[in-house]
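Next comes my_file_21.txt, with compact mmCIF, C-alpha atoms.
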# COMPACT_ATOMS: atom_id res chain seq x y z
CA MET V 1 -39.77 10.39 4.43
CA ASP V 2 -36.54 10.19 6.44
CA ILE V 3 -33.92 7.53 5.79
CA PRO V 4 -34.09 5.18 8.80
CA TYR V 5 -31.19 4.37 11.14
CA THR V 6 -28.74 7.02 10.00
CA VAL V 7 -28.04 7.96 13.61
CA GLU V 8 -29.67 5.47 15.97
CA ASN V 9 -28.71 1.79 15.90
CA ARG V 10 -30.95 -0.82 14.29
CA PRO V 11 -32.37 -3.12 16.95
CA ASP V 12 -31.53 -6.30 15.00
CA THR V 13 -27.94 -5.47 13.93
CA GLY V 14 -26.98 -3.25 16.86
CA ILE V 15 -25.30 -0.70 14.57
CA TYR V 16 -26.52 2.04 12.24
CA ASN V 17 -27.03 1.17 8.58
CA ALA V 18 -24.07 3.04 7.07
CA LYS V 19 -21.70 1.26 9.43
CA LEU V 20 -22.98 -2.17 8.46
CA GLY V 21 -22.72 -1.08 4.82
CA ILE V 22 -19.07 0.01 5.11
CA TRP V 23 -18.08 -3.21 6.90
CA LEU V 24 -19.71 -5.30 4.16
CA PHE V 25 -17.90 -3.17 1.57
CA LEU V 26 -14.59 -3.63 3.40
CA ALA V 27 -15.19 -7.39 3.44
CA SER V 28 -15.48 -7.33 -0.37
CA GLU V 29 -12.32 -5.22 -0.52
CA VAL V 30 -10.43 -7.81 1.53
CA MET V 31 -11.34 -10.38 -1.13
CA LEU V 32 -10.30 -8.02 -3.96
CA PHE V 33 -6.84 -7.41 -2.50
CA GLY V 34 -6.68 -11.04 -1.31
CA GLY V 35 -7.02 -12.20 -4.91
CA LEU V 36 -4.14 -9.97 -5.97
CA PHE V 37 -1.99 -11.07 -3.04
CA SER V 38 -2.59 -14.70 -3.99
CA ALA V 39 -1.55 -13.79 -7.57
CA TYR V 40 1.64 -12.32 -6.10
CA ILE V 41 2.33 -15.57 -4.19
CA LEU V 42 1.82 -17.66 -7.34
CA LEU V 43 4.09 -15.42 -9.42
CA ARG V 44 6.81 -15.34 -6.77
CA VAL V 45 6.81 -19.08 -6.06
CA GLY V 46 6.63 -19.84 -9.79
CA ALA V 47 9.61 -17.63 -10.68
CA ASP V 48 12.80 -19.34 -11.88
CA PRO V 49 15.46 -19.68 -9.17
CA GLY V 50 17.29 -16.37 -8.68
CA MET V 51 14.96 -14.51 -11.01
CA TRP V 52 12.66 -12.87 -8.41
CA PRO V 53 13.86 -9.29 -7.83
CA HIS V 54 15.08 -8.07 -4.43
CA GLY V 55 15.82 -4.47 -3.55
CA TRP V 56 14.33 -2.95 -6.69
CA LEU V 57 12.26 -0.45 -4.71
CA ASP V 58 13.53 2.40 -2.53
CA VAL V 59 12.97 1.36 1.11
CA ARG V 60 13.44 4.96 2.31
CA LEU V 61 10.54 6.22 0.16
CA GLY V 62 8.37 3.24 1.17
CA THR V 63 9.09 3.96 4.84
CA ILE V 64 8.20 7.63 4.47
CA ASN V 65 4.93 6.64 2.78
CA THR V 66 4.19 4.14 5.57
CA LEU V 67 4.61 6.86 8.18
CA LEU V 68 2.58 9.38 6.15
CA LEU V 69 -0.29 6.94 5.89
CA ALA V 70 -0.11 6.00 9.59
CA LEU V 71 -0.15 9.68 10.52
CA SER V 72 -3.13 10.31 8.23
CA ALA V 73 -5.01 7.41 9.86
CA ILE V 74 -4.44 9.08 13.21
CA THR V 75 -5.58 12.52 12.05
CA THR V 76 -8.72 10.85 10.63
CA LEU V 77 -9.47 9.35 14.03
CA LEU V 78 -8.83 12.69 15.73
CA ALA V 79 -11.16 14.42 13.23
CA TRP V 80 -13.91 11.99 14.28
CA ALA V 81 -13.12 12.53 17.98
CA ALA V 82 -13.31 16.31 17.42
CA CYS V 83 -16.79 15.84 15.93
CA LYS V 84 -17.80 13.80 18.99
CA VAL V 85 -16.85 16.68 21.30
CA ARG V 86 -18.61 19.09 18.91
CA ASP V 87 -15.47 21.02 17.96
CA PHE V 88 -15.90 21.72 14.25
CA GLY V 89 -12.76 23.88 14.08
CA LYS V 90 -10.53 21.04 15.23
CA PHE V 91 -12.34 18.65 12.87
CA LYS V 92 -11.46 20.97 9.96
CA PHE V 93 -7.84 21.12 11.09
CA PHE V 94 -7.37 17.36 11.51
CA HIS V 95 -9.07 16.51 8.24
CA ALA V 96 -7.04 19.15 6.37
CA CYS V 97 -3.96 17.35 7.73
CA THR V 98 -5.36 14.04 6.44
CA ILE V 99 -5.85 15.46 2.95
CA LEU V 100 -2.35 16.96 2.85
CA LEU V 101 -0.76 13.71 4.07
CA ALA V 102 -2.70 11.74 1.45
CA LEU V 103 -1.54 14.10 -1.31
CA ALA V 104 2.06 13.76 -0.07
CA PHE V 105 1.68 9.96 -0.24
CA LEU V 106 0.42 10.17 -3.83
CA GLY V 107 3.22 12.59 -4.73
CA ILE V 108 5.88 10.16 -3.50
CA LYS V 109 4.17 7.27 -5.28
CA SER V 110 4.14 9.26 -8.54
CA TYR V 111 7.87 9.96 -8.11
CA GLU V 112 8.51 6.22 -7.64
CA TYR V 113 6.49 5.38 -10.76
CA HIS V 114 8.41 7.99 -12.76
CA ASP V 115 11.69 6.54 -11.48
CA LYS V 116 10.71 3.11 -12.86
CA TRP V 117 9.61 4.65 -16.14
CA ILE V 118 13.04 6.18 -16.86
CA HIS V 119 14.91 3.08 -15.65
CA TYR V 120 16.01 0.87 -18.58
CA GLU V 121 17.36 -2.63 -19.03
CA ILE V 122 19.23 -2.86 -22.32
CA GLN V 123 20.34 -6.13 -23.90
CA LEU V 124 23.48 -5.39 -25.90
CA ALA V 125 24.56 -7.02 -29.13
CA ASN V 126 27.66 -8.45 -27.40
CA GLY V 127 25.45 -10.44 -24.99
CA LYS V 128 25.96 -8.12 -21.98
CA PHE V 129 23.25 -6.16 -20.17
CA ALA V 130 23.24 -2.42 -19.48
CA ASP V 131 20.99 -1.23 -16.67
CA GLY V 132 20.37 2.29 -15.44
CA HIS V 133 18.40 5.51 -15.54
CA LEU V 134 18.01 7.52 -18.71
CA VAL V 135 20.26 10.57 -18.79
CA GLU V 136 19.99 11.64 -22.38
CA LYS V 137 18.67 10.41 -25.69
CA SER V 138 20.22 11.90 -28.85
CA ALA V 139 17.79 13.69 -31.15
CA ASP V 140 18.34 11.16 -33.92
CA PHE V 141 17.96 8.11 -31.67
CA ASP V 142 15.91 5.45 -33.44
CA LEU V 143 16.20 1.82 -32.39
CA ALA V 144 14.58 0.47 -35.58
CA LYS V 145 16.92 2.46 -37.88
CA LYS V 146 19.87 1.87 -35.51
CA THR V 147 20.79 5.56 -35.38
CA GLY V 148 21.78 7.82 -32.48
CA THR V 149 22.88 7.18 -28.91
CA PHE V 150 21.21 6.43 -25.58
CA THR V 151 22.96 7.56 -22.38
CA ILE V 152 22.23 5.91 -19.04
CA HIS V 153 23.57 6.26 -15.51
CA GLY V 154 24.06 2.72 -14.26
CA ARG V 155 26.21 -0.32 -14.92
CA ILE V 156 26.92 -3.09 -17.42
CA VAL V 157 26.81 -6.73 -16.33
CA ASP V 158 27.57 -10.04 -18.01
CA ASN V 159 24.53 -11.94 -16.77
CA ARG V 160 20.93 -10.77 -16.39
CA LYS V 161 20.71 -12.59 -13.03
CA GLU V 162 23.13 -10.02 -11.58
CA LEU V 163 20.38 -7.40 -12.00
CA MET V 164 17.87 -9.32 -9.88
CA ASP V 165 19.24 -9.00 -6.33
CA LEU V 166 20.24 -5.41 -5.71
CA ARG V 167 20.81 -6.24 -2.04
CA SER V 168 23.64 -8.64 -2.81
CA PRO V 169 27.14 -7.47 -1.75
CA GLU V 170 28.22 -7.38 -5.43
CA ALA V 171 25.32 -5.15 -6.44
CA ARG V 172 25.80 -2.84 -3.47
CA SER V 173 29.48 -2.39 -4.21
CA ALA V 174 28.95 -1.92 -7.95
CA LYS V 175 30.09 1.42 -9.32
CA LEU V 176 27.43 3.33 -11.23
CA GLU V 177 28.60 5.56 -14.05
CA GLU V 178 27.42 7.09 -17.30
CA HIS V 179 27.39 4.83 -20.36
CA ILE V 180 26.79 6.13 -23.87
CA ILE V 181 25.29 3.30 -25.90
CA ALA V 182 24.96 3.44 -29.68
CA ALA V 183 21.62 2.26 -31.08
CA ALA V 184 23.55 -0.11 -33.34
CA ASP V 185 24.83 -1.94 -30.24
CA ILE V 186 21.36 -2.45 -28.78
CA LYS V 187 19.60 -5.76 -29.33
CA LYS V 188 16.59 -5.06 -27.13
CA MET V 189 15.61 -2.45 -24.55
CA GLU V 190 12.69 -1.72 -22.28
CA ASN V 191 11.94 0.33 -19.20
CA TYR V 192 10.85 -1.02 -15.81
CA GLY V 193 7.16 -0.49 -16.60
CA PRO V 194 4.41 -3.06 -15.87
CA LYS V 195 5.35 -5.24 -18.88
CA HIS V 196 9.02 -5.58 -17.90
CA ASN V 197 8.52 -8.75 -15.84
CA THR V 198 6.03 -10.38 -13.46
CA PHE V 199 7.39 -8.44 -10.47
CA THR V 200 6.82 -5.02 -12.04
CA ALA V 201 3.42 -6.21 -13.35
CA ILE V 202 2.16 -7.17 -9.89
CA TYR V 203 3.91 -4.16 -8.29
CA PHE V 204 2.10 -1.68 -10.56
CA THR V 205 -1.20 -3.56 -10.25
CA LEU V 206 -1.16 -3.73 -6.43
CA THR V 207 0.17 -0.25 -5.76
CA GLY V 208 -1.91 1.27 -8.58
CA LEU V 209 -5.13 -0.17 -7.16
CA HIS V 210 -4.09 0.98 -3.69
CA ALA V 211 -3.31 4.47 -5.00
CA LEU V 212 -6.78 4.60 -6.61
CA HIS V 213 -8.26 3.80 -3.19
CA ILE V 214 -6.19 6.61 -1.66
CA LEU V 215 -7.42 8.98 -4.37
CA GLY V 216 -11.08 7.95 -3.88
CA GLY V 217 -10.81 8.23 -0.09
CA THR V 218 -9.17 11.65 -0.38
CA LEU V 219 -12.00 12.91 -2.61
CA VAL V 220 -14.63 11.73 -0.10
CA ILE V 221 -12.73 13.26 2.83
CA PHE V 222 -12.30 16.50 0.88
CA TYR V 223 -16.03 16.60 0.12
CA LEU V 224 -16.91 16.14 3.79
CA TRP V 225 -14.29 18.71 4.77
CA ALA V 226 -15.35 21.36 2.25
CA PHE V 227 -19.12 20.88 2.01
CA GLY V 228 -20.01 19.16 5.30
CA GLY V 229 -20.79 22.38 7.17
CA THR V 230 -24.47 22.39 6.20
CA LEU V 231 -25.12 18.86 7.48
CA TRP V 232 -23.05 19.64 10.58
CA GLN V 233 -25.39 22.58 11.37
CA ARG V 234 -28.52 20.52 10.72
CA ASP V 235 -27.62 17.14 12.22
CA PRO V 236 -24.15 16.92 13.82
CA GLU V 237 -24.56 13.30 14.96
CA ARG V 238 -25.34 12.14 11.41
CA PHE V 239 -22.36 14.10 10.10
CA THR V 240 -20.17 12.48 12.77
CA ASN V 241 -21.32 9.05 11.60
CA ARG V 242 -20.30 9.94 8.03
CA ILE V 243 -16.85 10.87 9.31
CA GLU V 244 -16.71 7.55 11.17
CA VAL V 245 -17.62 5.56 8.04
CA SER V 246 -15.12 7.40 5.83
CA GLY V 247 -12.54 6.91 8.60
CA LEU V 248 -13.11 3.14 8.61
CA PHE V 249 -12.41 3.08 4.87
CA TRP V 250 -9.26 5.14 5.38
CA HIS V 251 -7.98 2.79 8.11
CA PHE V 252 -8.58 -0.15 5.78
CA VAL V 253 -6.47 1.53 3.09
CA ASP V 254 -3.75 1.95 5.74
CA LEU V 255 -4.06 -1.74 6.65
CA VAL V 256 -3.55 -2.78 3.03
CA TRP V 257 -0.40 -0.66 2.83
CA ILE V 258 0.90 -2.26 6.06
CA PHE V 259 1.11 -5.53 4.08
CA LEU V 260 2.04 -4.04 0.70
CA PHE V 261 5.12 -2.27 2.08
CA PRO V 262 6.90 -5.36 3.47
CA VAL V 263 5.78 -7.66 0.66
CA LEU V 264 7.00 -5.40 -2.15
CA TYR V 265 9.78 -3.31 -0.60
CA LEU V 266 11.36 -5.54 2.04
CA THR V 267 11.09 -9.12 0.82
CA MET C 1 -16.01 2.64 16.21
CA SER C 2 -18.69 1.59 18.63
CA GLU C 3 -17.49 4.22 21.03
CA SER C 4 -19.83 6.55 19.17
CA GLU C 5 -22.36 6.00 21.94
CA HIS C 6 -19.86 6.89 24.64
CA LYS C 7 -18.40 10.17 25.77
CA VAL C 8 -15.13 11.04 24.03
CA ASP C 9 -12.23 12.92 25.63
CA LEU C 10 -10.17 14.51 22.84
CA ASN C 11 -7.02 14.86 24.95
CA SER C 12 -7.04 11.18 25.95
CA TYR C 13 -7.50 10.33 22.25
CA ILE C 14 -4.48 12.41 21.30
CA ARG C 15 -2.40 10.57 23.94
CA ARG C 16 -3.67 7.19 22.75
CA CYS C 17 -2.94 8.12 19.13
CA GLY C 18 0.61 9.10 20.10
CA LEU C 19 1.15 5.63 21.53
CA VAL C 20 -0.34 3.97 18.44
CA LEU C 21 1.95 6.03 16.17
CA LEU C 22 4.93 5.02 18.31
CA ALA C 23 3.91 1.35 18.00
CA ILE C 24 3.62 1.69 14.21
CA VAL C 25 7.04 3.37 13.98
CA CYS C 26 8.58 0.59 16.13
CA THR C 27 7.04 -2.27 14.14
CA THR C 28 7.97 -0.64 10.82
CA SER C 29 11.57 -0.18 12.00
CA LEU C 30 11.65 -3.81 13.14
CA MET C 31 10.43 -5.00 9.72
CA ILE C 32 13.14 -3.00 7.96
CA TYR C 33 15.80 -4.29 10.38
CA ALA C 34 14.63 -7.88 9.87
CA SER C 35 14.82 -7.50 6.09
CA PHE C 36 18.53 -6.57 6.31
CA LEU C 37 19.51 -9.32 8.76
CA PRO C 38 22.47 -11.32 7.47
CA HIS C 39 22.68 -15.13 7.88
CA PHE C 40 18.96 -15.58 7.19
CA GLY C 41 17.46 -16.86 3.96
CA TRP C 42 14.53 -15.12 2.29
CA PRO C 43 11.92 -17.67 3.54
CA ALA C 44 12.90 -16.99 7.18
CA LYS C 45 13.00 -13.24 6.60
CA VAL C 46 9.59 -13.23 4.88
CA THR C 47 8.06 -15.17 7.80
CA MET C 48 9.53 -12.77 10.36
CA ILE C 49 8.54 -9.65 8.43
CA LEU C 50 4.96 -10.83 7.83
CA ALA C 51 4.59 -11.73 11.52
CA ILE C 52 5.64 -8.19 12.48
CA ALA C 53 3.29 -6.76 9.81
CA ALA C 54 0.44 -8.77 11.38
CA VAL C 55 1.18 -7.17 14.77
CA ASN C 56 1.20 -3.76 13.07
CA ALA C 57 -2.16 -4.52 11.42
CA PHE C 58 -3.59 -5.67 14.76
CA VAL C 59 -2.62 -2.35 16.36
CA VAL C 60 -4.32 -0.36 13.57
CA ALA C 61 -7.46 -2.53 13.48
CA SER C 62 -7.96 -2.79 17.22
CA PHE C 63 -7.17 0.77 18.28
CA LEU C 64 -7.74 3.02 15.25
CA MET C 65 -10.77 1.08 13.96
CA HIS C 66 -11.96 0.36 17.52
CA LEU C 67 -12.38 -3.29 16.58
CA LEU C 68 -11.85 -4.45 20.17
CA SER C 69 -15.11 -2.83 21.24
CA GLU C 70 -17.21 -3.53 18.13
CA LYS C 71 -20.66 -5.12 18.02
CA LYS C 72 -21.38 -8.78 17.28
CA MET C 73 -22.66 -8.02 13.77
CA VAL C 74 -19.29 -6.61 12.69
CA PHE C 75 -17.48 -9.69 14.01
CA THR C 76 -19.94 -11.90 12.13
CA VAL C 77 -19.12 -10.09 8.88
CA LEU C 78 -15.40 -10.38 9.64
CA ALA C 79 -15.68 -14.08 10.51
CA PHE C 80 -17.22 -14.79 7.10
CA THR C 81 -14.50 -12.67 5.46
CA VAL C 82 -11.75 -14.59 7.25
CA CYS C 83 -13.30 -17.93 6.13
CA PHE C 84 -13.48 -16.83 2.49
CA PHE C 85 -9.97 -15.34 2.66
CA ILE C 86 -8.54 -18.58 4.05
CA GLY C 87 -10.38 -20.45 1.27
CA LEU C 88 -8.91 -18.10 -1.35
CA MET C 89 -5.34 -18.51 -0.07
CA GLY C 90 -5.87 -22.25 0.44
CA LEU C 91 -6.95 -22.67 -3.18
CA THR C 92 -3.87 -20.73 -4.27
CA LEU C 93 -1.53 -22.98 -2.28
CA TRP C 94 -3.42 -26.08 -3.40
CA ALA C 95 -3.01 -25.10 -7.05
CA MET C 96 0.68 -24.24 -6.68
CA GLN C 97 1.97 -27.44 -8.30
CA ASP C 98 -1.09 -28.01 -10.45
CA PHE C 99 0.29 -27.46 -13.97
CA PRO C 100 -1.98 -28.38 -16.89
CA THR C 101 -0.75 -31.36 -18.89
CA GLY C 102 1.64 -30.46 -21.69
CA THR C 103 2.63 -27.04 -20.38
CA ALA C 104 6.26 -26.12 -19.77
CA THR C 105 7.02 -25.28 -16.15
CA HIS C 106 10.65 -24.23 -15.82
As structure tokens, please, write out the structure in this file.
Amino acid sequence: MDIPYTVENRPDTGIYNAKLGIWLFLASEVMLFGGLFSAYILLRVGADPGMWPHGWLDVRLGTINTLLLALSAITTLLAWAACKVRDFGKFKFFHACTILLALAFLGIKSYEYHDKWIHYEIQLANGKFADGHLVEKSADFDLAKKTGTFTIHGRIVDNRKELMDLRSPEARSAKLEEHIIAAADIKKMENYGPKHNTFTAIYFTLTGLHALHILGGTLVIFYLWAFGGTLWQRDPERFTNRIEVSGLFWHFVDLVWIFLFPVLYLT
Amino acid sequence: MSESEHKVDLNSYIRRCGLVLLAIVCTTSLMIYASFLPHFGWPAKVTMILAIAAVNAFVVASFLMHLLSEKKMVFTVLAFTVCFFIGLMGLTLWAMQDFPTGTATH
């Protein structure tokens, strides 16, 4: 028995079943990301004055990722249009572009995550704060035993608040240099991972969930790209509808990033 | 993409996509410019940037997702989504100053 309404529209809904299914799924996704965005609002509004970070993320990398994702949304649409004009060769080309752009996006995101992982905030015994990227850790470095040294490329400030707004004139004019810090002088240290503060927690949660969506979408697009030839030969219209449905998901992922980029990188 | 029933011209799509990409580049540049504007506080900047992001989202949804020419059923689903989303954000704003008794705030 054939699955009904995979190609023709249902008389009562006016669209084919998979399309209704993806729109219902996207509606649930809006609520999922909406919940996290509302968590972001609560955390930001509830932060102590001057303690919400600004300029912690690289705007250049965020901009490149925005353009990569926009370009991939366009190649997805063109892949669908190529299917509509029955040009399988162009479909393969456009969807290969989509996959490559998605992988580039994930590559940049991984680099940003790594950058946060090697970025440390160190509370010194004299009450000052050292902040910067790990350069070298001596072989005998042990914070518990207070042995060895930890070298960072960054700066030392008197007040933790000075580390919050990296767009302030003081922060932009600050000179970054190498600091060798003895373990004995360290009171507390941690990297800019999810547990560092509420900003990094919501940053990793939002972008991590988004990156998982990118990964999932890429796998589906790759499957259709690599193994879709058989269905294309048998029923090209049904295959085209699958491309349309996967494309709608991809555009949604782009839409989410359109709000994530300004919320996390620019404000 | 309700245009699935209609005839598609690939070249006209490529031209249209070029314009959409240009619009996205322009709105993204505007957002970045707005975020570096001096003499504006963060609340004003956030409002400006989110307004530009909404325009950007409209361009993607209406042209790339073909939302402008969708069927009534899709709009019905979206209308319900918008209602629930407004409810979700409304509850968040409503609860903003709602601290349980005995908890430290700041």
Checklist entry - Could you work out how far CA of Ile180 in chain V lies from CA of His54 in chain V, giving the answer in Å with one decimal? => result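 For CA of His54 in chain V relative to CA of Ile180 in chain V, the distance reads 26.8 Å.
The coordinates place CA of Ser38 in chain V at 14.2 Å from CA of Gln97 in chain C.
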Checklist entry - Can you tell me, as number ranges by chain, what residues are no more than 12 Å from Pro236 in chain V when counting only C-alpha atoms, ignoring any on the same chain fewer than 2 positions away? => result V: 6-7, 80, 82-88, 91, 228-234, 238-243
Would you mind exporting C-alpha atoms of the selected residues as a compact mmCIF listing (two decimals), in the frame of the given file?
# COMPACT_ATOMS: atom_id res chain seq x y z
CA THR V 6 -28.74 7.02 10.00
CA VAL V 7 -28.04 7.96 13.61
CA TRP V 80 -13.91 11.99 14.28
CA ALA V 82 -13.31 16.31 17.42
CA CYS V 83 -16.79 15.84 15.93
CA LYS V 84 -17.80 13.80 18.99
CA VAL V 85 -16.85 16.68 21.30
CA ARG V 86 -18.61 19.09 18.91
CA ASP V 87 -15.47 21.02 17.96
CA PHE V 88 -15.90 21.72 14.25
CA PHE V 91 -12.34 18.65 12.87
CA GLY V 228 -20.01 19.16 5.30
CA GLY V 229 -20.79 22.38 7.17
CA THR V 230 -24.47 22.39 6.20
CA LEU V 231 -25.12 18.86 7.48
CA TRP V 232 -23.05 19.64 10.58
CA GLN V 233 -25.39 22.58 11.37
CA ARG V 234 -28.52 20.52 10.72
CA ARG V 238 -25.34 12.14 11.41
CA PHE V 239 -22.36 14.10 10.10
CA THR V 240 -20.17 12.48 12.77
CA ASN V 241 -21.32 9.05 11.60
CA ARG V 242 -20.30 9.94 8.03
CA ILE V 243 -16.85 10.87 9.31
Checklist entry - Nearest to Gln123 in chain V: which of V:Leu69, V:Val135, V:Ile152, V:Met189 is it, counting only C-alpha atoms? => result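 Once distances to Gln123 in chain V are computed over only C-alpha atoms, the minimum belongs to V:Met189.
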Counting all atoms listed in the file, which residues of chain V sit at most 9 Å from some atom of chain C, and what is each one's closest atom pair with its distance in Å to one decimal, listed by chain and rising residue number, as JSON lines?
{"residue": "V:Thr13", "atom": "CA", "partner": "C:Met73", "partner_atom": "CA", "distance": 5.9}
{"residue": "V:Gly14", "atom": "CA", "partner": "C:Lys71", "partner_atom": "CA", "distance": 6.7}
{"residue": "V:Ile15", "atom": "CA", "partner": "C:Lys71", "partner_atom": "CA", "distance": 7.3}
{"residue": "V:Lys19", "atom": "CA", "partner": "C:Val74", "partner_atom": "CA", "distance": 8.9}
{"residue": "V:Leu20", "atom": "CA", "partner": "C:Val74", "partner_atom": "CA", "distance": 7.2}
{"residue": "V:Trp23", "atom": "CA", "partner": "C:Val74", "partner_atom": "CA", "distance": 6.8}
{"residue": "V:Leu24", "atom": "CA", "partner": "C:Val77", "partner_atom": "CA", "distance": 6.8}
{"residue": "V:Ala27", "atom": "CA", "partner": "C:Thr81", "partner_atom": "CA", "distance": 5.7}
{"residue": "V:Ser28", "atom": "CA", "partner": "C:Thr81", "partner_atom": "CA", "distance": 8.0}
{"residue": "V:Val30", "atom": "CA", "partner": "C:Thr81", "partner_atom": "CA", "distance": 7.5}
{"residue": "V:Met31", "atom": "CA", "partner": "C:Phe85", "partner_atom": "CA", "distance": 6.4}
{"residue": "V:Gly34", "atom": "CA", "partner": "C:Phe85", "partner_atom": "CA", "distance": 6.7}
{"residue": "V:Gly35", "atom": "CA", "partner": "C:Leu88", "partner_atom": "CA", "distance": 7.1}
{"residue": "V:Phe37", "atom": "CA", "partner": "C:Met89", "partner_atom": "CA", "distance": 8.7}
{"residue": "V:Ser38", "atom": "CA", "partner": "C:Met89", "partner_atom": "CA", "distance": 6.1}
{"residue": "V:Ala39", "atom": "CA", "partner": "C:Thr92", "partner_atom": "CA", "distance": 8.0}
{"residue": "V:Ile41", "atom": "CA", "partner": "C:Thr92", "partner_atom": "CA", "distance": 8.1}
{"residue": "V:Leu42", "atom": "CA", "partner": "C:Met96", "partner_atom": "CA", "distance": 6.7}
{"residue": "V:Val45", "atom": "CA", "partner": "C:Met96", "partner_atom": "CA", "distance": 8.0}
{"residue": "V:Gly46", "atom": "CA", "partner": "C:Met96", "partner_atom": "CA", "distance": 8.0}
{"residue": "V:Ala47", "atom": "CA", "partner": "C:His106", "partner_atom": "CA", "distance": 8.4}
{"residue": "V:Asp48", "atom": "CA", "partner": "C:His106", "partner_atom": "CA", "distance": 6.6}
{"residue": "V:Val59", "atom": "CA", "partner": "C:Ile32", "partner_atom": "CA", "distance": 8.1}
{"residue": "V:Thr63", "atom": "CA", "partner": "C:Thr28", "partner_atom": "CA", "distance": 7.6}
{"residue": "V:Thr66", "atom": "CA", "partner": "C:Thr28", "partner_atom": "CA", "distance": 8.0}
{"residue": "V:Leu67", "atom": "CA", "partner": "C:Val25", "partner_atom": "CA", "distance": 7.2}
{"residue": "V:Ala70", "atom": "CA", "partner": "C:Leu21", "partner_atom": "CA", "distance": 6.9}
{"residue": "V:Leu71", "atom": "CA", "partner": "C:Leu21", "partner_atom": "CA", "distance": 7.0}
{"residue": "V:Ala73", "atom": "CA", "partner": "C:Leu64", "partner_atom": "CA", "distance": 7.5}
{"residue": "V:Ile74", "atom": "CA", "partner": "C:Cys17", "partner_atom": "CA", "distance": 6.2}
{"residue": "V:Thr75", "atom": "CA", "partner": "C:Cys17", "partner_atom": "CA", "distance": 8.7}
{"residue": "V:Leu77", "atom": "CA", "partner": "C:Leu64", "partner_atom": "CA", "distance": 6.7}
{"residue": "V:Leu78", "atom": "CA", "partner": "C:Tyr13", "partner_atom": "CA", "distance": 7.1}
{"residue": "V:Ala81", "atom": "CA", "partner": "C:Leu10", "partner_atom": "CA", "distance": 6.0}
{"residue": "V:Ala82", "atom": "CA", "partner": "C:Leu10", "partner_atom": "CA", "distance": 6.5}
{"residue": "V:Lys84", "atom": "CA", "partner": "C:Val8", "partner_atom": "CA", "distance": 6.3}
{"residue": "V:Val85", "atom": "CA", "partner": "C:Val8", "partner_atom": "CA", "distance": 6.5}
{"residue": "V:Arg167", "atom": "CA", "partner": "C:Phe36", "partner_atom": "CA", "distance": 8.7}
{"residue": "V:Thr240", "atom": "CA", "partner": "C:Ser4", "partner_atom": "CA", "distance": 8.7}
{"residue": "V:Asn241", "atom": "CA", "partner": "C:Ser4", "partner_atom": "CA", "distance": 8.1}
{"residue": "V:Glu244", "atom": "CA", "partner": "C:Met1", "partner_atom": "CA", "distance": 7.1}
{"residue": "V:Val245", "atom": "CA", "partner": "C:Met1", "partner_atom": "CA", "distance": 8.8}
{"residue": "V:Gly247", "atom": "CA", "partner": "C:Met65", "partner_atom": "CA", "distance": 8.1}
{"residue": "V:Leu248", "atom": "CA", "partner": "C:Met65", "partner_atom": "CA", "distance": 6.2}
{"residue": "V:His251", "atom": "CA", "partner": "C:Met65", "partner_atom": "CA", "distance": 6.7}
{"residue": "V:Phe252", "atom": "CA", "partner": "C:Ala61", "partner_atom": "CA", "distance": 8.1}
{"residue": "V:Asp254", "atom": "CA", "partner": "C:Val60", "partner_atom": "CA", "distance": 8.2}
{"residue": "V:Leu255", "atom": "CA", "partner": "C:Ala57", "partner_atom": "CA", "distance": 5.8}
{"residue": "V:Val256", "atom": "CA", "partner": "C:Ala57", "partner_atom": "CA", "distance": 8.7}
{"residue": "V:Ile258", "atom": "CA", "partner": "C:Ala53", "partner_atom": "CA", "distance": 6.3}
{"residue": "V:Phe259", "atom": "CA", "partner": "C:Ala53", "partner_atom": "CA", "distance": 6.3}
{"residue": "V:Pro262", "atom": "CA", "partner": "C:Ile49", "partner_atom": "CA", "distance": 6.8}
{"residue": "V:Val263", "atom": "CA", "partner": "C:Leu50", "partner_atom": "CA", "distance": 7.9}
{"residue": "V:Leu266", "atom": "CA", "partner": "C:Ser35", "partner_atom": "CA", "distance": 5.7}
{"residue": "V:Thr267", "atom": "CA", "partner": "C:Val46", "partner_atom": "CA", "distance": 6.0}
Checklist entry - CA of Asp131 in chain V and CA of Ala211 in chain V are how many Å apart? => result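 Atom-to-atom, CA of Asp131 in chain V and CA of Ala211 in chain V are spaced 27.6 Å apart.
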Item to check | Residue neighbourhood Ala184 in chain V, 12 Å, only C-alpha atoms, exclusion window fewer than 5 positions, as a PyMOL selection string | outcome: chain V and resi 123-126+141-150
Checklist outcome for this item: Using all atoms listed in the file, the shortest atom-to-atom distance to Trp117 in chain V among V:Arg44, V:His133, V:His210, V:Lys90 belongs to V:His133
Checklist entry - So, counting all atoms listed in the file, which residue among C:Val55, C:Arg15, C:Ala44, C:Thr101 is closest to Leu30 in chain C? => result C:Val55
Item to check | Ile156 in chain V environment, 12 Å, all atoms listed in the file, sequence neighbours closer than 2 positions dropped, as a list of chain:residue names | outcome: V:Tyr120, V:Glu121, V:Ile122, V:Gln123, V:Leu124, V:Asn126, V:Gly127, V:Lys128, V:Phe129, V:Ala130, V:Asp131, V:Gly132, V:Ile152, V:His153, V:Gly154, V:Asp158, V:Asn159, V:Arg160, V:Glu162, V:Leu163, V:Ala171, V:Ala174, V:Lys175, V:Leu176, V:Glu177, V:Glu178, V:His179, V:Ile180, V:Ile181
Checklist entry - Pick the closest to Leu166 in chain V from V:Ala102, V:Leu219, V:Met51, V:Ala182: which is it, counting all atoms listed in the file? => result V:Met51
Could you work out an axis-aligned bounding box for all listed atoms of range 44-51 of chain C, with 3 Å added on each of the six sides, and give its centre and edge lengths in Å to one decimal, as lines of an AutoDock Vina configuration file?
center_x = 8.8
center_y = -13.3
center_z = 8.2
size_x = 14.4
size_y = 13.3
size_z = 12.6
